[in-house]
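Novice: Got a structure for you, written out below as structure tokens; questions coming shortly.
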Amino acid sequence: ACNVIALDDKQFHDGLRTKPEFALMLMSMMIGRLRETIAKLAEQTTLRGDAVVSESVVFDPKRLAELAEGLSSDEPVYFDRGKSIVQEGQMGLRMYVVIEGRVAVSMFGGGVIERLGPGGAFGELALIEQTPRLASVVADTDCQLLPINRAAFLMLIKTSPEFAASLLGPLAERLRLLTARLK
């Protein structure tokens, strides 16, 4: 026997708006599933770059402009093409939102599994669970990134249901992508 709670779209967004911890709980659940899927993939094979995901966008231009204009407490940072931004296994202190340029995401020392352009975000997993990073990210082009530390991230979750909702979709998409790669 079990009890199930079903939410329609309106109830889901109301939950995000009135209970920020609901968004964090959902993100944490997805991250747990991502970690399990990644562990299974690591046992099977290394990820190759022959199944590159199309460019991912988390924040639309309006939301990206709001973030860049002061929702984050950190100043934008710049990386030259080819420079490492984060390394798989390192502790994450910030997530990043791409303002300009492109970055490439890889796992298990393998090929690129995702590319992110303006509006793309990465590093949020390490902030939610405060665990080592699951992927490495390198600047595909010269790029400008908006770093968001954990305190700012949690404040954005609490004060902006749209921010939380914007992050949930790409997390679910990453989970779908990696689950599809299981043999």
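Numbering starts fresh at 1 for the residues of each chain in the structure tokens, the chains themselves are lettered A, B, ... in the order given, and ligands are numbered from 1 as they appear.
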With a cut-off of 12 Å, could you pull out the residues of range 88-173 of chain A touching range 9-28 of chain A and give me the nearest pair of atoms for each, distance in Å to one decimal, using only C-alpha atoms, ordered by chain and ascending number, as a Markdown table?
Specialist:
| residue | atom | partner | partner_atom | distance |
| --- | --- | --- | --- | --- |
| A:Glu124 | CA | A:Met27 | CA | 9.4 |
| A:Leu125 | CA | A:Met27 | CA | 8.2 |
| A:Ala126 | CA | A:Ser28 | CA | 10.4 |
| A:Leu127 | CA | A:Ser28 | CA | 10.3 |
| A:Ile128 | CA | A:Ser28 | CA | 6.8 |
| A:Glu129 | CA | A:Ser28 | CA | 7.0 |
| A:Gln130 | CA | A:Ser28 | CA | 10.7 |
| A:Thr131 | CA | A:Ser28 | CA | 11.5 |
| A:Phe153 | CA | A:Leu24 | CA | 10.7 |
| A:Leu154 | CA | A:Leu24 | CA | 8.9 |
| A:Met155 | CA | A:Pro20 | CA | 9.5 |
| A:Leu156 | CA | A:Pro20 | CA | 9.4 |
| A:Ile157 | CA | A:Pro20 | CA | 6.0 |
| A:Lys158 | CA | A:Pro20 | CA | 5.0 |
| A:Thr159 | CA | A:Pro20 | CA | 8.0 |
| A:Ser160 | CA | A:Arg17 | CA | 7.4 |
| A:Pro161 | CA | A:Arg17 | CA | 4.9 |
| A:Glu162 | CA | A:Arg17 | CA | 8.2 |
| A:Phe163 | CA | A:Leu16 | CA | 9.8 |
| A:Ala164 | CA | A:Ala23 | CA | 6.1 |
| A:Ala165 | CA | A:Leu16 | CA | 7.4 |
| A:Ser166 | CA | A:Ala23 | CA | 10.5 |
| A:Leu167 | CA | A:Met27 | CA | 8.3 |
| A:Leu168 | CA | A:Met27 | CA | 6.5 |
| A:Gly169 | CA | A:Met27 | CA | 9.9 |
| A:Pro170 | CA | A:Met27 | CA | 10.5 |
| A:Leu171 | CA | A:Met27 | CA | 7.5 |
| A:Ala172 | CA | A:Met27 | CA | 9.0 |
Novice: Now that the selection is made, can you save its residues with C-alpha atoms as a compact mmCIF listing (two decimals), in the first residue's frame?
Specialist:
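Writing done, so here's selection31.txt:
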# COMPACT_ATOMS: atom_id res chain seq x y z
CA GLU A 124 24.02 23.68 -9.35
CA LEU A 125 24.27 20.03 -8.27
CA ALA A 126 27.30 20.73 -6.10
CA LEU A 127 25.50 23.63 -4.40
CA ILE A 128 22.36 21.69 -3.58
CA GLU A 129 24.09 18.72 -1.97
CA GLN A 130 27.50 20.24 -1.26
CA THR A 131 29.19 17.24 -2.85
CA PHE A 153 21.58 30.35 -4.78
CA LEU A 154 19.47 29.58 -1.71
CA MET A 155 18.19 33.17 -1.60
CA LEU A 156 17.21 32.95 -5.29
CA ILE A 157 15.34 29.68 -4.61
CA LYS A 158 13.48 31.31 -1.70
CA THR A 159 12.64 34.56 -3.43
CA SER A 160 12.17 33.48 -7.05
CA PRO A 161 10.00 30.47 -7.89
CA GLU A 162 10.85 31.10 -11.55
CA PHE A 163 14.55 30.57 -10.80
CA ALA A 164 13.79 27.21 -9.17
CA ALA A 165 11.45 26.15 -11.98
CA SER A 166 14.09 27.14 -14.55
CA LEU A 167 16.59 24.74 -12.95
CA LEU A 168 14.23 21.76 -12.57
CA GLY A 169 13.63 21.27 -16.31
CA PRO A 170 17.30 20.92 -17.29
CA LEU A 171 17.94 18.59 -14.33
CA ALA A 172 15.15 16.33 -15.56
Novice: Using only C-alpha atoms, determine which residues lie at most 12 Å from Val86 in chain A, disregarding the query and same-chain residues fewer than 3 positions distant; provide the list as a ChimeraX atom specification.
Specialist: /A:79,83,89-96,103-107,122-123,126,132-139,147
Novice: Hey, can you spit out that residue selection with N, CA and C atoms as a PDB file, in the first residue's frame?
Specialist:
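Writing done, so here's result31.pdb:
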ATOM      1  N   PHE A  79      36.626  33.568 -19.024  1.00  0.00           N
ATOM      2  CA  PHE A  79      37.516  32.448 -19.305  1.00  0.00           C
ATOM      3  C   PHE A  79      37.859  32.466 -20.785  1.00  0.00           C
ATOM      4  N   LYS A  83      40.169  27.048 -21.645  1.00  0.00           N
ATOM      5  CA  LYS A  83      40.496  27.045 -20.213  1.00  0.00           C
ATOM      6  C   LYS A  83      39.504  26.196 -19.427  1.00  0.00           C
ATOM      7  N   GLY A  89      34.955  15.991  -9.693  1.00  0.00           N
ATOM      8  CA  GLY A  89      35.521  15.541  -8.426  1.00  0.00           C
ATOM      9  C   GLY A  89      35.883  16.652  -7.458  1.00  0.00           C
ATOM     10  N   GLN A  90      36.048  17.888  -7.945  1.00  0.00           N
ATOM     11  CA  GLN A  90      36.380  18.969  -7.026  1.00  0.00           C
ATOM     12  C   GLN A  90      35.120  19.440  -6.303  1.00  0.00           C
ATOM     13  N   MET A  91      35.303  20.007  -5.121  1.00  0.00           N
ATOM     14  CA  MET A  91      34.158  20.546  -4.387  1.00  0.00           C
ATOM     15  C   MET A  91      33.689  21.812  -5.083  1.00  0.00           C
ATOM     16  N   GLY A  92      32.379  21.960  -5.190  1.00  0.00           N
ATOM     17  CA  GLY A  92      31.827  23.117  -5.865  1.00  0.00           C
ATOM     18  C   GLY A  92      31.404  24.200  -4.888  1.00  0.00           C
ATOM     19  N   LEU A  93      31.895  25.392  -5.115  1.00  0.00           N
ATOM     20  CA  LEU A  93      31.528  26.528  -4.277  1.00  0.00           C
ATOM     21  C   LEU A  93      30.539  27.446  -4.978  1.00  0.00           C
ATOM     22  N   ARG A  94      30.425  27.299  -6.295  1.00  0.00           N
ATOM     23  CA  ARG A  94      29.539  28.166  -7.082  1.00  0.00           C
ATOM     24  C   ARG A  94      28.918  27.379  -8.217  1.00  0.00           C
ATOM     25  N   MET A  95      27.757  27.844  -8.648  1.00  0.00           N
ATOM     26  CA  MET A  95      27.224  27.424  -9.933  1.00  0.00           C
ATOM     27  C   MET A  95      27.523  28.568 -10.893  1.00  0.00           C
ATOM     28  N   TYR A  96      27.379  28.338 -12.167  1.00  0.00           N
ATOM     29  CA  TYR A  96      27.665  29.366 -13.166  1.00  0.00           C
ATOM     30  C   TYR A  96      26.549  29.438 -14.188  1.00  0.00           C
ATOM     31  N   VAL A 103      30.369  26.839 -23.408  1.00  0.00           N
ATOM     32  CA  VAL A 103      31.189  25.920 -22.624  1.00  0.00           C
ATOM     33  C   VAL A 103      30.824  24.497 -23.010  1.00  0.00           C
ATOM     34  N   ALA A 104      31.756  23.568 -22.758  1.00  0.00           N
ATOM     35  CA  ALA A 104      31.549  22.153 -23.052  1.00  0.00           C
ATOM     36  C   ALA A 104      31.645  21.358 -21.756  1.00  0.00           C
ATOM     37  N   VAL A 105      30.679  20.465 -21.546  1.00  0.00           N
ATOM     38  CA  VAL A 105      30.595  19.649 -20.338  1.00  0.00           C
ATOM     39  C   VAL A 105      31.005  18.225 -20.701  1.00  0.00           C
ATOM     40  N   SER A 106      31.891  17.620 -19.885  1.00  0.00           N
ATOM     41  CA  SER A 106      32.303  16.235 -20.105  1.00  0.00           C
ATOM     42  C   SER A 106      32.315  15.486 -18.775  1.00  0.00           C
ATOM     43  N   MET A 107      32.228  14.154 -18.883  1.00  0.00           N
ATOM     44  CA  MET A 107      32.242  13.297 -17.690  1.00  0.00           C
ATOM     45  C   MET A 107      33.179  12.121 -17.917  1.00  0.00           C
ATOM     46  N   PHE A 122      25.440  25.575 -15.077  1.00  0.00           N
ATOM     47  CA  PHE A 122      26.074  24.341 -14.612  1.00  0.00           C
ATOM     48  C   PHE A 122      26.600  24.552 -13.203  1.00  0.00           C
ATOM     49  N   GLY A 123      26.805  23.454 -12.491  1.00  0.00           N
ATOM     50  CA  GLY A 123      27.359  23.527 -11.150  1.00  0.00           C
ATOM     51  C   GLY A 123      26.341  23.558 -10.031  1.00  0.00           C
ATOM     52  N   ALA A 126      26.363  20.634  -7.220  1.00  0.00           N
ATOM     53  CA  ALA A 126      27.302  20.726  -6.097  1.00  0.00           C
ATOM     54  C   ALA A 126      26.808  21.677  -5.015  1.00  0.00           C
ATOM     55  N   PRO A 132      31.088  16.653  -4.295  1.00  0.00           N
ATOM     56  CA  PRO A 132      32.007  16.896  -5.417  1.00  0.00           C
ATOM     57  C   PRO A 132      31.265  16.993  -6.759  1.00  0.00           C
ATOM     58  N   ARG A 133      31.874  17.729  -7.669  1.00  0.00           N
ATOM     59  CA  ARG A 133      31.295  17.936  -8.994  1.00  0.00           C
ATOM     60  C   ARG A 133      31.251  16.630  -9.782  1.00  0.00           C
ATOM     61  N   LEU A 134      30.183  16.481 -10.571  1.00  0.00           N
ATOM     62  CA  LEU A 134      29.998  15.279 -11.378  1.00  0.00           C
ATOM     63  C   LEU A 134      30.597  15.405 -12.767  1.00  0.00           C
ATOM     64  N   ALA A 135      30.967  16.604 -13.182  1.00  0.00           N
ATOM     65  CA  ALA A 135      31.442  16.817 -14.543  1.00  0.00           C
ATOM     66  C   ALA A 135      32.545  17.867 -14.566  1.00  0.00           C
ATOM     67  N   SER A 136      33.266  17.880 -15.663  1.00  0.00           N
ATOM     68  CA  SER A 136      34.247  18.928 -15.938  1.00  0.00           C
ATOM     69  C   SER A 136      33.660  19.864 -16.980  1.00  0.00           C
ATOM     70  N   VAL A 137      34.026  21.136 -16.912  1.00  0.00           N
ATOM     71  CA  VAL A 137      33.538  22.122 -17.871  1.00  0.00           C
ATOM     72  C   VAL A 137      34.728  22.944 -18.357  1.00  0.00           C
ATOM     73  N   VAL A 138      34.790  23.095 -19.686  1.00  0.00           N
ATOM     74  CA  VAL A 138      35.868  23.842 -20.338  1.00  0.00           C
ATOM     75  C   VAL A 138      35.236  24.909 -21.224  1.00  0.00           C
ATOM     76  N   ALA A 139      35.893  26.054 -21.346  1.00  0.00           N
ATOM     77  CA  ALA A 139      35.409  27.123 -22.229  1.00  0.00           C
ATOM     78  C   ALA A 139      35.589  26.680 -23.679  1.00  0.00           C
ATOM     79  N   PRO A 147      28.984  33.816 -11.757  1.00  0.00           N
ATOM     80  CA  PRO A 147      29.061  32.843 -10.660  1.00  0.00           C
ATOM     81  C   PRO A 147      27.975  33.143  -9.625  1.00  0.00           C
TER      82      PRO A 147
END
Novice: Write out as number ranges by chain all residues of chain A that backbone DSSP assigns to helix (DSSP H, G or I).
Specialist: A: 9-18, 20-44, 49-51, 61-71, 124-129, 150-159, 161-180
Novice: Could you tell me, as a count of residues only, which residues of chain A DSSP assigns to strand (DSSP E or B) when given the backbone?
Specialist: 38
Novice: Any idea what's packed within 9 Å of Arg102 in chain A, counting only C-alpha atoms, ignoring anything in its chain fewer than 5 positions away? Could you give it as a list of chain:residue names?
Specialist: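 Selected residues are A:Arg81, A:Arg115, A:Leu116, A:Gly117, A:Pro118, A:Gly120, A:Val138, A:Ala139, A:Asp140, A:Thr141, A:Asp142, A:Cys143, A:Gln144.
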